[in-house]
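S.K.: Quick one, run_31.cif (mmCIF, C-alpha atoms):
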data_protein
loop_
_atom_site.label_atom_id
_atom_site.label_comp_id
_atom_site.auth_asym_id
_atom_site.auth_seq_id
_atom_site.Cartn_x
_atom_site.Cartn_y
_atom_site.Cartn_z
CA MET V 1 -14.70 -61.60 -22.48
CA GLY V 2 -16.35 -63.89 -19.95
CA SER V 3 -17.57 -67.40 -20.64
CA PHE V 4 -19.57 -70.06 -18.93
CA ARG V 5 -16.46 -71.33 -17.22
CA ASP V 6 -15.84 -67.92 -15.66
CA ALA V 7 -19.23 -67.95 -13.96
CA PRO V 8 -19.30 -68.58 -10.22
CA ALA V 9 -19.68 -72.21 -9.21
CA PRO V 10 -23.25 -73.11 -8.35
CA TYR V 11 -24.12 -73.70 -4.80
CA LEU V 12 -24.42 -77.43 -4.08
CA HIS V 13 -25.75 -78.79 -0.91
CA ARG V 14 -23.28 -81.40 0.24
CA GLY V 15 -25.18 -82.53 3.28
CA HIS V 16 -27.37 -85.56 3.52
CA GLY V 17 -30.83 -85.43 2.02
CA PRO V 18 -32.25 -83.79 -1.10
CA VAL V 19 -31.18 -80.32 -2.35
CA PRO V 20 -33.70 -77.60 -1.42
CA LEU V 21 -35.86 -76.35 -4.27
CA ASN V 22 -34.99 -72.67 -3.75
CA VAL V 23 -31.29 -73.45 -4.10
CA LEU V 24 -31.91 -75.22 -7.41
CA GLU V 25 -33.99 -72.30 -8.65
CA GLU V 26 -31.23 -69.79 -7.76
CA ASP V 27 -28.66 -71.97 -9.53
CA LEU V 28 -30.85 -72.19 -12.65
CA ALA V 29 -31.42 -68.42 -12.62
CA ILE V 30 -27.66 -67.79 -12.42
CA ARG V 31 -26.99 -70.16 -15.31
CA ARG V 32 -29.82 -68.66 -17.36
CA ASP V 33 -28.37 -65.11 -16.88
CA GLU V 34 -24.91 -66.34 -17.86
CA ILE V 35 -26.29 -67.93 -21.05
CA ARG V 36 -28.09 -64.70 -21.97
CA ARG V 37 -24.86 -62.70 -21.43
CA LEU V 38 -22.88 -65.12 -23.62
CA VAL V 39 -25.49 -64.90 -26.39
CA ALA V 40 -25.36 -61.09 -26.30
CA ASN V 41 -21.55 -61.14 -26.45
CA ASN V 42 -21.63 -63.52 -29.40
CA ARG V 43 -24.02 -61.22 -31.25
CA LEU V 44 -21.67 -58.27 -30.61
CA LEU V 45 -18.73 -60.29 -31.92
CA ILE V 46 -20.66 -61.23 -35.05
CA ASP V 47 -21.57 -57.58 -35.68
CA GLU V 48 -17.96 -56.50 -35.14
CA ASN V 49 -16.70 -59.17 -37.55
CA VAL V 50 -19.16 -58.03 -40.22
CA ALA V 51 -18.10 -54.39 -39.74
CA LEU V 52 -14.42 -55.31 -39.89
CA GLY V 53 -15.01 -57.27 -43.08
CA ARG V 54 -16.66 -54.28 -44.68
CA GLU V 55 -13.83 -51.97 -43.58
CA ILE V 56 -11.23 -54.40 -44.97
CA ALA V 57 -13.04 -54.53 -48.30
CA ALA V 58 -13.23 -50.73 -48.44
CA GLY V 59 -9.54 -50.49 -47.56
CA LYS V 60 -8.59 -52.91 -50.32
CA GLU V 61 -10.63 -50.93 -52.83
CA GLU V 62 -9.00 -47.69 -51.70
CA LEU V 63 -5.53 -49.23 -51.99
CA HIS V 64 -6.38 -50.39 -55.50
CA ASN V 65 -7.49 -46.91 -56.45
CA LEU V 66 -4.38 -45.37 -54.91
CA GLY V 67 -2.20 -47.84 -56.81
CA GLN V 68 -3.78 -46.65 -60.03
CA MET V 69 -3.39 -42.96 -59.05
CA ILE V 70 0.26 -43.16 -57.95
CA PRO V 71 1.77 -43.17 -61.49
CA LYS V 72 -0.35 -40.19 -62.45
CA ILE V 73 0.60 -38.33 -59.29
CA ARG V 74 4.27 -39.16 -59.86
CA ALA V 75 4.09 -37.79 -63.41
CA ASP V 76 2.38 -34.61 -62.20
CA LYS V 77 5.03 -34.12 -59.49
CA GLU V 78 7.85 -34.58 -62.01
CA ALA V 79 6.25 -32.03 -64.33
CA GLN V 80 5.84 -29.56 -61.48
CA THR V 81 9.46 -30.14 -60.42
CA ARG V 82 10.73 -29.46 -63.94
CA ASP V 83 8.62 -26.31 -64.09
CA LEU V 84 9.95 -25.12 -60.73
CA ILE V 85 13.55 -25.81 -61.80
CA GLN V 86 13.05 -23.76 -64.95
CA LYS V 87 11.50 -20.92 -62.96
CA GLY V 88 14.39 -21.06 -60.47
CA LEU V 89 16.95 -20.84 -63.24
CA LYS V 90 15.10 -17.91 -64.74
CA LEU V 91 14.96 -16.13 -61.38
CA GLU V 92 18.64 -16.81 -60.79
CA ALA V 93 19.46 -15.18 -64.13
CA GLU V 94 17.31 -12.20 -63.24
CA LEU V 95 19.05 -11.91 -59.86
CA ARG V 96 22.45 -11.92 -61.54
CA SER V 97 21.28 -9.10 -63.76
CA LEU V 98 20.08 -7.20 -60.67
CA GLU V 99 23.38 -7.47 -58.75
CA PRO V 100 24.41 -3.89 -59.60
CA VAL V 101 21.08 -2.61 -58.31
CA LYS V 102 21.41 -4.62 -55.09
CA SER V 103 24.18 -2.43 -53.70
CA GLU V 104 22.12 0.67 -54.42
CA VAL V 105 19.12 -0.88 -52.69
CA LEU V 106 21.23 -1.74 -49.64
CA GLN V 107 22.56 1.81 -49.52
CA LEU V 108 19.04 3.21 -49.78
CA GLN V 109 17.89 0.88 -47.00
CA SER V 110 20.74 2.10 -44.78
CA GLU V 111 19.83 5.71 -45.49
CA CYS V 112 16.16 4.97 -44.79
CA GLN V 113 17.09 3.43 -41.45
CA LYS V 114 19.15 6.50 -40.58
CA LEU V 115 16.26 8.76 -41.57
CA ASP V 116 13.87 6.69 -39.46
CA ALA V 117 16.19 6.97 -36.45
CA PHE V 118 16.53 10.73 -37.00
CA ASN V 119 12.76 11.03 -37.37
CA GLN V 120 12.18 9.16 -34.11
CA GLU V 121 14.73 11.36 -32.37
CA MET V 122 13.04 14.50 -33.67
CA GLN V 123 9.65 13.18 -32.60
CA GLY V 124 10.98 12.57 -29.10
CA LYS V 125 12.39 16.11 -28.96
CA ILE V 126 9.13 17.55 -30.28
CA GLN V 127 7.16 15.67 -27.64
CA GLY V 128 9.52 16.94 -24.94
CA LEU V 129 9.19 20.52 -26.21
CA SER V 130 5.41 20.14 -26.36
CA GLN V 131 5.34 18.99 -22.76
CA ASP V 132 7.59 21.89 -21.72
CA LEU V 133 5.31 24.28 -23.59
CA LYS V 134 2.23 22.88 -21.84
CA ARG V 135 3.97 23.14 -18.49
CA LEU V 136 4.98 26.75 -19.15
CA ARG V 137 1.45 27.61 -20.22
CA ALA V 138 0.07 26.04 -17.07
CA GLU V 139 2.61 27.95 -14.97
CA ASN V 140 1.74 31.19 -16.77
CA GLU V 141 -1.92 30.59 -16.03
CA GLN V 142 -1.02 30.21 -12.34
CA ILE V 143 0.95 33.49 -12.21
CA PRO V 144 -2.10 35.70 -11.36
CA THR V 145 -3.11 33.30 -8.60
CA LEU V 146 0.46 33.24 -7.29
CA LYS V 147 0.56 37.05 -7.34
CA ILE V 148 -2.65 37.17 -5.33
CA GLU V 149 -1.23 34.63 -2.85
CA VAL V 150 2.03 36.61 -2.59
CA ASP V 151 0.10 39.84 -1.96
CA GLY V 152 -1.97 38.07 0.68
CA LEU V 153 1.16 36.69 2.33
CA ARG V 154 2.76 40.14 2.21
CA GLN V 155 -0.27 41.66 3.91
CA GLU V 156 -0.30 38.89 6.50
CA PHE V 157 3.39 39.48 7.11
CA MET V 158 2.84 43.22 7.56
CA MET V 159 -0.04 42.55 9.95
CA ALA V 160 2.03 40.02 11.87
CA ARG V 161 4.93 42.45 12.00
CA SER V 162 2.67 45.23 13.27
CA ALA V 163 1.20 42.89 15.86
CA TYR V 164 4.70 41.84 16.89
CA GLU V 165 5.84 45.45 17.26
CA TYR V 166 2.71 46.22 19.26
CA GLU V 167 3.20 43.18 21.51
CA LYS V 168 6.85 44.07 21.91
CA LYS V 169 5.98 47.64 22.93
CA LEU V 170 3.20 46.40 25.22
CA ASN V 171 5.52 43.86 26.85
CA THR V 172 8.11 46.59 27.38
CA GLU V 173 5.53 48.82 29.06
CA GLN V 174 4.26 45.94 31.18
CA MET V 175 7.83 45.10 32.20
CA GLU V 176 8.46 48.67 33.24
CA GLN V 177 5.19 48.76 35.19
CA ARG V 178 6.09 45.46 36.84
CA GLN V 179 9.49 46.76 37.88
CA VAL V 180 7.90 49.89 39.37
CA LEU V 181 5.31 47.75 41.17
CA GLU V 182 8.01 45.46 42.53
CA LYS V 183 9.95 48.41 43.85
CA ASN V 184 6.81 49.75 45.51
CA LEU V 185 6.06 46.35 47.03
CA VAL V 186 9.61 46.07 48.35
CA SER V 187 9.46 49.48 49.94
CA MET V 188 6.03 48.74 51.42
CA ALA V 189 7.27 45.42 52.79
CA ARG V 190 10.21 47.16 54.42
CA GLU V 191 7.88 49.74 55.95
CA VAL V 192 5.64 46.99 57.31
CA GLU V 193 8.63 45.14 58.79
CA LYS V 194 9.80 48.35 60.35
CA LEU V 195 6.36 49.02 61.84
CA LYS V 196 6.18 45.44 63.08
CA ALA V 197 9.53 45.74 64.81
CA GLU V 198 8.53 49.02 66.42
CA SER V 199 5.21 47.53 67.56
CA LEU V 200 6.94 44.53 69.13
CA SER V 201 9.45 46.78 70.86
CA MET V 202 6.68 48.96 72.26
CA ASP V 203 4.74 45.90 73.41
CA ASN V 204 7.77 44.50 75.23
CA ARG V 205 8.38 47.75 77.02
CA ALA V 206 4.73 48.03 78.04
CA ARG V 207 4.48 44.53 79.53
CA GLY V 208 7.84 44.37 81.23
CA PRO V 209 9.98 41.28 81.76
CA ASP V 210 7.41 39.47 84.06
CA GLY V 211 4.00 40.68 82.94
CA PRO V 212 0.69 38.83 83.30
CA TYR V 213 1.61 36.79 80.22
CA GLY V 214 5.12 35.94 81.36
CA LEU V 215 4.45 32.25 80.89
CA LEU V 216 4.49 32.79 77.13
CA ARG V 217 7.97 34.29 77.13
CA GLY V 218 9.99 33.37 74.13
CA SER V 219 9.50 34.77 70.70
CA PRO V 220 7.04 37.66 70.41
CA ASP V 221 5.23 35.75 67.71
CA MET V 222 4.13 33.12 70.24
CA ARG V 223 2.35 35.75 72.32
CA TYR V 224 0.64 37.30 69.31
CA PRO V 225 0.43 34.67 66.62
CA GLY V 226 -0.59 36.14 63.29
CA ALA V 227 -0.59 39.74 64.53
CA PHE V 228 1.82 40.83 61.83
CA GLY V 229 2.22 37.56 59.94
CA ASP V 230 0.89 36.58 56.54
CA GLY V 231 -2.67 36.30 57.82
CA PHE V 232 -2.57 32.50 58.12
CA GLY V 233 -0.21 32.00 61.07
CA ASN V 234 2.74 31.13 58.78
CA GLU V 235 6.19 32.33 59.73
CA LYS V 236 7.71 31.83 56.27
CA GLY V 237 8.33 35.10 54.52
CA GLY V 238 8.88 35.97 50.90
CA PRO V 239 12.14 37.04 49.38
CA TYR V 240 11.47 40.58 50.65
CA GLY V 241 10.85 39.61 54.27
CA THR V 242 7.86 38.46 56.30
CA GLY V 243 4.61 40.28 56.63
CA PRO V 244 1.43 40.77 54.66
CA TRP V 245 3.31 42.08 51.60
CA GLY V 246 5.94 39.37 51.51
CA THR V 247 3.78 36.96 49.53
CA PHE V 248 2.75 39.39 46.81
CA ASN V 249 6.14 39.06 45.20
CA HIS V 250 5.68 35.39 44.23
CA GLY V 251 3.85 36.31 41.04
CA TYR V 252 6.78 38.27 39.58
CA PRO V 253 10.16 37.04 38.39
CA HIS V 254 13.21 38.04 40.42
CA ARG V 255 15.50 40.55 38.87
#
Show this structure as structure tokens.

M.R.:
Amino acid sequence: MGSFRDAPAPYLHRGHGPVPLNVLEEDLAIRRDEIRRLVANNRLLIDENVALGREIAAGKEELHNLGQMIPKIRADKEAQTRDLIQKGLKLEAELRSLEPVKSEVLQLQSECQKLDAFNQEMQGKIQGLSQDLKRLRAENEQIPTLKIEVDGLRQEFMMARSAYEYEKKLNTEQMEQRQVLEKNLVSMAREVEKLKAESLSMDNRARGPDGPYGLLRGSPDMRYPGAFGDGFGNEKGGPYGTGPWGTFNHGYPHR
């Protein structure tokens, strides 16, 4: 708790001349506030002392009352203790008389525990059987749907099998037609090559060794480019020789 000595030291003008009036007024205001604070603290202390005095008086009175009540309480506790001791002795005698029944009770408790365990086991089995029964019922309800799905799959399989047999037969016929066409193309290509060779031979005989186009001597194809070629001036022939039919064989696999 603060006091007047704890207040800050007043400001004193230590220079020459009189102290300014405003400084004196500030110092007086500070001291006046400190005095008011001390008076308020003193009043609080007085109130606290009065309250403490009242509490001390009440405590003394309560202690006096408790001192008068203690003997009575002690007597009541002793009477209750004697009563409890007598009841305990009586219960102990009754327990001794019930010793033969205790073994039977323990045996019955053991049997009850076994029955409870057996009951729980049976309940678990019953729940499992109930779940199996529900599952079987659900599966039985799905049997008509499964039959319909199986019939549909069987029909789809028969249709797919028929389509496969048809495609197989069609592919066989197409393969046979392709083989016949390839043979025809080969024979036609040979005929064309033969005609080309005969035409070149006849052309050479007609022109002679030093004809009007003797400057182009060399291969006959240089004198008549594209005459019997593939129609584009290319000299590369197919696997069945050069000529207009040599390129038709590219679309078919070689046998």

S.K.: Calculate how many Å separate atom CA of Leu21 of chain V from atom CA of Leu38 of chain V, rounding to one decimal.

M.R.: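 It comes out at 25.9 Å.
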
S.K.: Please report the interatomic distance between atom CA of Met158 of chain V and atom CA of Gln174 of chain V in Å with one decimal.

M.R.: 23.8 Å

S.K.: Using atom CA of Arg135 of chain V and atom CA of Asn119 of chain V as the two end points, give the distance in Å to one decimal.

M.R.: 24.1 Å
